[in-house]
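J.: Just coords_27.csv, nothing more (CSV, C-alpha atoms):
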```csv
chain,number,residue,atom,x,y,z
W,1,MET,CA,-14.5,-41.4,28.5
W,2,LEU,CA,-13.0,-38.0,27.5
W,3,GLU,CA,-16.0,-35.7,28.0
W,4,ASP,CA,-15.8,-32.3,26.4
W,5,GLU,CA,-16.5,-29.1,28.2
W,6,LEU,CA,-19.6,-27.8,26.5
W,7,THR,CA,-21.1,-24.9,28.3
W,8,VAL,CA,-24.8,-24.2,27.7
W,9,SER,CA,-26.5,-21.1,29.0
W,10,THR,CA,-29.8,-19.3,28.3
W,11,ARG,CA,-30.8,-15.6,28.1
W,12,GLN,CA,-33.5,-13.4,26.7
W,13,ARG,CA,-32.8,-10.6,24.2
W,14,GLU,CA,-35.4,-8.6,22.3
W,15,GLY,CA,-38.1,-11.2,22.8
W,16,VAL,CA,-35.9,-14.1,21.6
W,17,ALA,CA,-34.7,-16.9,23.9
W,18,ILE,CA,-31.1,-17.4,23.1
W,19,VAL,CA,-29.3,-20.7,24.0
W,20,ASP,CA,-25.5,-20.1,23.9
W,21,LEU,CA,-23.5,-23.2,23.1
W,22,MET,CA,-19.8,-22.9,23.9
W,23,GLY,CA,-17.9,-26.1,23.0
W,24,ASP,CA,-18.2,-29.1,20.8
W,25,VAL,CA,-21.7,-30.5,20.3
W,26,THR,CA,-21.4,-34.2,20.6
W,27,THR,CA,-23.3,-37.1,22.3
W,28,PHE,CA,-22.2,-35.6,25.7
W,29,ALA,CA,-24.3,-32.5,24.9
W,30,GLU,CA,-27.7,-34.1,24.9
W,31,GLU,CA,-28.8,-33.4,28.5
W,32,LYS,CA,-27.4,-29.9,28.6
W,33,ILE,CA,-29.1,-28.8,25.4
W,34,ASN,CA,-32.4,-30.5,26.1
W,35,GLN,CA,-32.5,-29.0,29.6
W,36,ALA,CA,-31.8,-25.5,28.2
W,37,TYR,CA,-34.5,-25.9,25.6
W,38,ARG,CA,-37.0,-27.1,28.2
W,39,GLU,CA,-36.1,-24.1,30.4
W,40,VAL,CA,-36.7,-21.5,27.8
W,41,THR,CA,-39.9,-23.3,26.6
W,42,THR,CA,-41.2,-23.4,30.2
W,43,GLN,CA,-40.6,-19.6,30.3
W,44,GLY,CA,-42.8,-19.2,27.3
W,45,ALA,CA,-40.3,-18.8,24.5
W,46,ARG,CA,-41.9,-18.5,21.0
W,47,GLN,CA,-38.6,-17.9,19.2
W,48,VAL,CA,-35.5,-19.9,20.1
W,49,LEU,CA,-32.0,-19.1,18.8
W,50,LEU,CA,-29.3,-21.7,19.2
W,51,ASN,CA,-26.1,-19.5,19.2
W,52,PHE,CA,-23.0,-21.5,18.3
W,53,ARG,CA,-19.3,-20.5,18.6
W,54,GLN,CA,-17.5,-20.4,15.2
W,55,ASN,CA,-14.6,-22.6,16.1
W,56,ASP,CA,-16.6,-25.4,17.7
W,57,SER,CA,-17.4,-28.7,16.2
W,58,ILE,CA,-20.7,-30.7,15.8
W,59,ASN,CA,-20.8,-34.4,15.0
W,60,SER,CA,-23.6,-36.6,13.8
W,61,ALA,CA,-24.6,-37.3,17.4
W,62,GLY,CA,-24.9,-33.6,18.0
W,63,ILE,CA,-26.9,-33.3,14.8
W,64,ALA,CA,-29.3,-35.9,16.1
W,65,ILE,CA,-29.8,-33.8,19.3
W,66,LEU,CA,-30.7,-30.8,17.1
W,67,ILE,CA,-33.1,-32.9,15.1
W,68,GLY,CA,-34.7,-33.8,18.4
W,69,ILE,CA,-35.0,-30.1,19.2
W,70,VAL,CA,-36.7,-29.5,15.8
W,71,THR,CA,-39.2,-32.2,16.7
W,72,GLU,CA,-40.0,-30.4,20.0
W,73,VAL,CA,-40.1,-26.9,18.3
W,74,ASN,CA,-42.6,-28.2,15.7
W,75,ARG,CA,-44.7,-29.8,18.5
W,76,ASN,CA,-44.7,-26.5,20.5
W,77,GLN,CA,-45.2,-24.3,17.4
W,78,GLN,CA,-42.1,-22.3,18.1
W,79,LYS,CA,-39.6,-20.8,15.6
W,80,LEU,CA,-36.0,-22.1,15.7
W,81,ALA,CA,-32.9,-20.4,14.3
W,82,PHE,CA,-29.2,-21.0,14.4
W,83,SER,CA,-26.4,-18.5,14.5
W,84,GLY,CA,-22.6,-18.4,14.8
W,85,LEU,CA,-22.0,-21.6,12.8
W,86,SER,CA,-18.8,-21.7,10.7
W,87,GLN,CA,-19.2,-21.9,6.9
W,88,HIS,CA,-18.4,-25.6,7.2
W,89,PHE,CA,-21.2,-26.4,9.6
W,90,GLN,CA,-23.6,-24.2,7.7
W,91,LYS,CA,-22.9,-26.5,4.8
W,92,ILE,CA,-23.3,-29.6,7.0
W,93,PHE,CA,-26.7,-28.3,8.3
W,94,ARG,CA,-27.9,-27.9,4.7
W,95,MET,CA,-26.5,-31.3,3.8
W,96,VAL,CA,-28.5,-33.1,6.5
W,97,GLY,CA,-31.7,-31.0,6.0
W,98,LEU,CA,-31.6,-29.0,9.3
W,99,ALA,CA,-31.7,-25.8,7.2
W,100,GLN,CA,-35.2,-26.7,6.0
W,101,TYR,CA,-36.5,-26.4,9.6
W,102,ALA,CA,-34.5,-23.5,11.0
W,103,ASP,CA,-33.1,-20.3,9.5
W,104,ILE,CA,-29.3,-20.0,9.6
W,105,TYR,CA,-27.8,-16.6,10.4
W,106,GLN,CA,-24.2,-15.5,10.5
W,107,ASP,CA,-24.4,-14.1,14.0
W,108,GLU,CA,-26.7,-13.2,16.8
W,109,GLU,CA,-27.3,-9.6,15.5
W,110,GLU,CA,-28.4,-10.8,12.1
W,111,ALA,CA,-30.6,-13.4,13.7
W,112,LEU,CA,-32.4,-10.9,16.0
W,113,LYS,CA,-32.8,-8.4,13.2
W,114,HIS,CA,-34.7,-11.0,11.0
W,115,LEU,CA,-36.6,-12.7,13.8
W,116,ASN,CA,-38.0,-9.4,15.0
W,117,SER,CA,-39.0,-8.4,11.6
W,118,ASP,CA,-40.7,-11.7,10.8
W,119,PRO,CA,-44.5,-11.1,10.6
W,120,GLU,CA,-45.2,-14.7,11.4
W,121,THR,CA,-43.6,-14.5,14.9
V,1,MET,CA,1.5,-40.9,10.2
V,2,GLU,CA,0.1,-43.5,12.5
V,3,LEU,CA,-1.7,-43.2,15.8
V,4,SER,CA,-3.6,-45.5,18.1
V,5,PHE,CA,-6.1,-44.8,20.8
V,6,PRO,CA,-8.5,-46.6,23.2
V,7,SER,CA,-12.1,-47.2,22.2
V,8,GLU,CA,-13.5,-44.3,24.3
V,9,LEU,CA,-15.6,-41.5,22.9
V,10,GLY,CA,-13.6,-38.3,23.0
V,11,TYR,CA,-10.5,-39.8,21.5
V,12,GLU,CA,-11.8,-39.2,18.1
V,13,VAL,CA,-11.1,-35.5,18.7
V,14,VAL,CA,-7.5,-36.3,19.4
V,15,ALA,CA,-7.3,-38.2,16.0
V,16,ARG,CA,-9.2,-35.5,14.3
V,17,ASP,CA,-6.8,-32.8,15.4
V,18,ALA,CA,-3.7,-34.9,14.6
V,19,VAL,CA,-4.9,-35.6,11.1
V,20,ALA,CA,-5.9,-32.0,10.6
V,21,ALA,CA,-2.3,-31.0,11.6
V,22,PHE,CA,-0.9,-33.5,9.1
V,23,ALA,CA,-3.3,-32.2,6.4
V,24,ARG,CA,-2.2,-28.6,7.0
V,25,CYS,CA,1.4,-29.8,6.7
V,26,VAL,CA,0.8,-31.2,3.2
V,27,GLY,CA,-0.9,-28.0,2.1
V,28,ILE,CA,-4.5,-29.0,1.9
V,29,ASP,CA,-7.0,-26.1,1.7
V,30,LYS,CA,-8.4,-25.2,5.1
V,31,ASN,CA,-12.0,-25.7,4.0
V,32,ARG,CA,-11.1,-29.2,2.8
V,33,ILE,CA,-9.5,-29.9,6.1
V,34,GLU,CA,-12.8,-29.1,7.8
V,35,ASP,CA,-14.4,-31.9,5.6
V,36,ILE,CA,-11.6,-34.2,6.6
V,37,LYS,CA,-12.0,-33.5,10.3
V,38,THR,CA,-15.8,-34.2,10.2
V,39,ALA,CA,-15.5,-37.3,8.1
V,40,LEU,CA,-12.6,-38.7,10.2
V,41,SER,CA,-14.4,-38.1,13.5
V,42,GLU,CA,-17.4,-40.0,12.2
V,43,ALA,CA,-15.3,-42.9,11.1
V,44,CYS,CA,-13.5,-43.0,14.4
V,45,ILE,CA,-16.8,-42.9,16.3
V,46,ASN,CA,-18.1,-45.8,14.2
V,47,ALA,CA,-15.0,-47.8,15.0
V,48,ILE,CA,-15.3,-47.1,18.7
V,49,GLU,CA,-19.1,-47.7,18.8
V,50,HIS,CA,-19.8,-50.4,16.3
V,51,GLY,CA,-16.5,-52.1,15.6
V,52,ASN,CA,-15.0,-52.2,19.1
V,53,GLN,CA,-18.4,-52.0,20.8
V,54,PHE,CA,-17.1,-49.4,23.3
V,55,ASP,CA,-14.6,-51.9,24.7
V,56,ALA,CA,-11.8,-49.6,26.1
V,57,ASN,CA,-9.4,-52.6,26.0
V,58,LEU,CA,-9.6,-52.6,22.2
V,59,ARG,CA,-7.7,-50.0,20.1
V,60,VAL,CA,-8.6,-47.9,17.1
V,61,MET,CA,-5.7,-47.3,14.7
V,62,VAL,CA,-5.5,-44.4,12.3
V,63,THR,CA,-3.0,-44.2,9.5
V,64,CYS,CA,-2.7,-41.2,7.2
V,65,LYS,CA,-0.8,-41.1,4.0
V,66,HIS,CA,-0.2,-38.4,1.4
V,67,ASN,CA,0.8,-39.4,-2.1
V,68,GLY,CA,0.7,-36.1,-3.8
V,69,ASP,CA,-2.7,-36.4,-5.3
V,70,HIS,CA,-4.7,-37.7,-2.4
V,71,LEU,CA,-4.8,-37.9,1.3
V,72,THR,CA,-5.7,-41.4,2.4
V,73,VAL,CA,-6.9,-42.1,5.9
V,74,GLU,CA,-7.6,-45.6,7.2
V,75,VAL,CA,-9.4,-46.2,10.4
V,76,ARG,CA,-9.1,-49.8,11.8
V,77,ASP,CA,-10.7,-51.4,14.8
V,78,GLN,CA,-10.1,-54.7,16.5
V,79,GLY,CA,-13.7,-55.6,16.8
V,80,MET,CA,-15.0,-59.1,16.3
V,81,LYS,CA,-18.2,-57.7,14.9
V,82,GLU,CA,-18.2,-56.9,11.2
V,83,TYR,CA,-20.2,-53.8,10.4
V,84,THR,CA,-21.1,-52.3,7.1
V,85,ALA,CA,-23.2,-49.5,5.9
V,86,GLY,CA,-26.8,-50.4,6.4
V,87,GLY,CA,-29.5,-49.4,4.0
V,88,LYS,CA,-30.1,-46.0,2.7
V,89,PRO,CA,-30.0,-43.5,5.7
V,90,LEU,CA,-33.3,-42.0,6.8
V,91,THR,CA,-33.9,-38.5,5.7
V,92,ILE,CA,-34.6,-35.8,8.3
V,93,GLU,CA,-38.2,-35.8,7.2
V,94,GLU,CA,-38.4,-39.5,8.0
V,95,LYS,CA,-36.6,-39.0,11.3
V,96,LEU,CA,-39.0,-36.2,12.3
V,97,ALA,CA,-41.9,-38.4,11.4
V,98,GLY,CA,-40.6,-40.9,13.9
V,99,LEU,CA,-39.8,-43.6,11.3
V,100,GLY,CA,-36.4,-44.4,12.9
V,101,PRO,CA,-33.8,-43.2,15.3
V,102,LEU,CA,-32.6,-39.6,15.2
V,103,ARG,CA,-29.0,-40.8,15.1
V,104,GLY,CA,-27.4,-42.5,12.1
V,105,MET,CA,-26.2,-39.8,9.8
V,106,GLY,CA,-22.5,-40.5,10.2
V,107,LEU,CA,-21.9,-42.6,7.2
V,108,MET,CA,-23.9,-40.2,5.0
V,109,LEU,CA,-21.7,-37.3,6.2
V,110,ILE,CA,-18.5,-39.4,5.5
V,111,THR,CA,-19.7,-40.3,2.0
V,112,GLU,CA,-20.7,-36.7,1.2
V,113,LEU,CA,-17.5,-35.1,2.5
V,114,SER,CA,-14.9,-37.5,1.1
V,115,ASP,CA,-13.9,-38.5,-2.4
V,116,GLY,CA,-14.0,-42.1,-1.5
V,117,ALA,CA,-15.2,-44.1,1.4
V,118,GLU,CA,-15.1,-47.9,1.6
V,119,PHE,CA,-14.5,-50.9,3.9
V,120,VAL,CA,-11.4,-52.8,2.9
V,121,PRO,CA,-10.8,-56.4,3.8
V,122,VAL,CA,-8.5,-57.1,6.7
V,123,SER,CA,-7.7,-60.2,8.7
V,124,GLN,CA,-9.3,-59.0,11.9
V,125,GLY,CA,-11.7,-56.2,12.7
V,126,ASN,CA,-12.8,-53.6,10.2
V,127,CYS,CA,-10.8,-51.2,8.1
V,128,PHE,CA,-12.5,-48.1,6.7
V,129,ARG,CA,-10.6,-46.2,4.1
V,130,LEU,CA,-11.3,-42.5,3.3
V,131,THR,CA,-9.7,-40.7,0.4
V,132,PHE,CA,-9.6,-37.0,-0.1
V,133,SER,CA,-8.2,-35.2,-3.2
V,134,VAL,CA,-5.3,-32.8,-2.5
V,135,LEU,CA,-5.0,-29.9,-4.8
V,136,GLN,CA,-2.2,-28.0,-3.2
V,137,PRO,CA,1.5,-29.0,-3.3
V,138,ALA,CA,3.2,-30.0,-0.1
V,139,ILE,CA,4.3,-27.0,1.9
V,140,CYS,CA,5.3,-28.4,5.2
V,141,HIS,CA,8.9,-27.7,6.2
V,142,HIS,CA,8.8,-29.9,9.3
V,143,SER,CA,10.5,-33.2,9.2
```
Have the structure of the file written as structure tokens, please.
T.:
Amino acid sequence: MLEDELTVSTRQREGVAIVDLMGDVTTFAEEKINQAYREVTTQGARQVLLNFRQNDSINSAGIAILIGIVTEVNRNQQKLAFSGLSQHFQKIFRMVGLAQYADIYQDEEEALKHLNSDPET
Amino acid sequence: MELSFPSELGYEVVARDAVAAFARCVGIDKNRIEDIKTALSEACINAIEHGNQFDANLRVMVTCKHNGDHLTVEVRDQGMKEYTAGGKPLTIEEKLAGLGPLRGMGLMLITELSDGAEFVPVSQGNCFRLTFSVLQPAICHHS
């Protein structure tokens, strides 16, 4: 099996839990992403930003992982957002319906600006 | 262009990048190439997972042809199990409601991103053909 080299890390910035994803998001990503989400949730995150890297790829197995995160976010009454996606994957996220459940921002700066001005959060 | 790889997840990336390079060669728009990459990856994963049932001894073959108007990509497996598109894929609302597995959006993506996607009859295994319209003339100067 040719595993990819996805690196997942977490950090806090301006009250938002940021999960940085560096690498392709495929079936191999499941444990790493779920673990990062559990980590920030345990720390009390109310807003979670999944921050992608422009040149990386996401396949249908990766999308399934993200739908799983949406399920957990809804259950935990958190707010989820995505940033750093290429135009192509922004289109894909709209196509599969993920954009209905999480706002999509061009980059981290734009995401933080909107998340921090959202009266609901 | 033809290539063959073992039925192991991860090799779809090799096929994806090779076909993307070919598509660039024949002058396809870079945004369209992104569609091709995603659709082809999904077709290869289906061949590995469903057609060849993850049997690394079985191969997946990808052929890629450019005829001026279209790019045609065929993904063949050697599987003994015939697979076809199931029913209508579940929507994200249905998945979130727990009405089915979270996975299973690959064929939907393929259909949405290509101009044509169909199984074609072959003597053994499955052959999935994808077609993509090509608007630009060939610009590749490599032989």
J.: Which one is closest to Val70 of chain W: W:Leu85, W:Ala45, W:Val19, W:Ala102? Count only C-alpha atoms.
T.: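 Among W:Leu85, W:Ala45, W:Val19, W:Ala102, it is W:Ala102 that comes nearest to Val70 of chain W.
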J.: So which residues fall inside 8 Å of (-13.6, -53.8, 12.7) if we count only C-alpha atoms? Mind giving them as a PyMOL selection string?
T.: chain V and resi 47+50-52+76-83+124-127
J.: If we count all atoms listed in the file, what is near segment 88-92 of chain V at a cut-off of 12 Å, once residues fewer than 4 positions away on the same chain are taken out, given as an MDAnalysis selection string?
T.: (chainID W and resid 63:64 66:68 70:71 93:101) or (chainID V and resid 84 96:109 111)
J.: Go ahead and compute the interatomic distance for atom CA of Leu9 of chain V and atom CA of Val62 of chain V, in Å to one decimal.
T.: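 These atoms are spaced 14.9 Å apart.
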J.: Just the residues within 10 Å of Arg13 of chain W, please, counting all atoms listed in the file, with nothing from its chain fewer than 4 positions along; format it as a CSV table (one decimal) with C-alpha atoms, keeping the file's coordinate frame.
T.:
```csv
chain,number,residue,atom,x,y,z
W,17,ALA,CA,-34.7,-16.9,23.9
W,18,ILE,CA,-31.1,-17.4,23.1
W,108,GLU,CA,-26.7,-13.2,16.8
W,112,LEU,CA,-32.4,-10.9,16.0
```
J.: Rank V:Ala23, V:Val13, V:Leu58, V:Met1 by their smallest atom-to-atom distance to chain W, using only C-alpha atoms, and report the top residue only.
T.: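 Using only C-alpha atoms, the shortest distance to chain W belongs to V:Val13.
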J.: Just give me the residues with any atom within 9 Å of (-8.4, -41.5, 21.7), file coordinates, counting all atoms listed in the file, written as an MDAnalysis selection string.
T.: (chainID W and resid 2) or (chainID V and resid 4:15 59:60)
J.: Choose the residue, out of W:Asn76, W:Gln43, W:Arg38, W:Arg53, that has the smallest atom-to-atom separation from Asp20 of chain W; count only C-alpha atoms.
T.: W:Arg53
J.: Kindly give the distance, in Å, that separates atom CA of Ser60 of chain W and atom CA of Phe132 of chain V, rounded to a single decimal.
T.: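 Pair atom CA of Ser60 of chain W / atom CA of Phe132 of chain V returns 19.7 Å.
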J.: Could you state the separation of atom CA of Asp55 of chain V and atom CA of Thr27 of chain W in Å, given to one decimal place?
T.: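 It comes out at 17.3 Å.
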J.: If we count only C-alpha atoms and set the cut-off at 10 Å, which residues sit around segment 113-118 of chain W, ignoring sequence neighbours fewer than 5 positions away in its own chain? Please answer as a PDB file with C-alpha atoms, in the coordinates of the input.
T.:
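Done, and the output landed in out.pdb:
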```
ATOM      1  CA  GLU W  14     -35.400  -8.600  22.300  1.00  0.00           C
ATOM      2  CA  GLY W  15     -38.100 -11.200  22.800  1.00  0.00           C
ATOM      3  CA  VAL W  16     -35.900 -14.100  21.600  1.00  0.00           C
ATOM      4  CA  GLN W  47     -38.600 -17.900  19.200  1.00  0.00           C
ATOM      5  CA  VAL W  48     -35.500 -19.900  20.100  1.00  0.00           C
ATOM      6  CA  LEU W  49     -32.000 -19.100  18.800  1.00  0.00           C
ATOM      7  CA  LYS W  79     -39.600 -20.800  15.600  1.00  0.00           C
ATOM      8  CA  LEU W  80     -36.000 -22.100  15.700  1.00  0.00           C
ATOM      9  CA  ALA W  81     -32.900 -20.400  14.300  1.00  0.00           C
ATOM     10  CA  ASP W 103     -33.100 -20.300   9.500  1.00  0.00           C
ATOM     11  CA  TYR W 105     -27.800 -16.600  10.400  1.00  0.00           C
ATOM     12  CA  GLU W 108     -26.700 -13.200  16.800  1.00  0.00           C
TER      13      GLU W 108
END
```
J.: Have a look at W:Ser9, W:Gln87, W:Thr42, W:Gln106 and name the one nearest to Ser57 of chain W; count only C-alpha atoms.
T.: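 Of all the options, W:Gln87 lies closest to Ser57 of chain W.
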J.: Nearest to Glu31 of chain W among W:Gln12, W:Thr7, W:Gln54, W:Gln78, with distances taken over all atoms listed in the file: which residue is it?
T.: W:Thr7
J.: So, with only C-alpha atoms as the atoms that count, which of V:Leu130, V:Ile33, V:Ile28, V:Ala117 lies closest to chain W?
T.: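 Ranking V:Leu130, V:Ile33, V:Ile28, V:Ala117 by distance to chain W, first place goes to V:Ile33.
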J.: Taking 2 positions as the minimum chain separation for residues in the same chain, which residues sit within 9 Å of Ser133 of chain V when counting all atoms listed in the file? Answer as a list of chain:residue names.
T.: V:Ile28, V:Arg32, V:Gly68, V:Asp69, V:His70, V:Leu71, V:Thr72, V:Ser114, V:Asp115, V:Thr131, V:Leu135
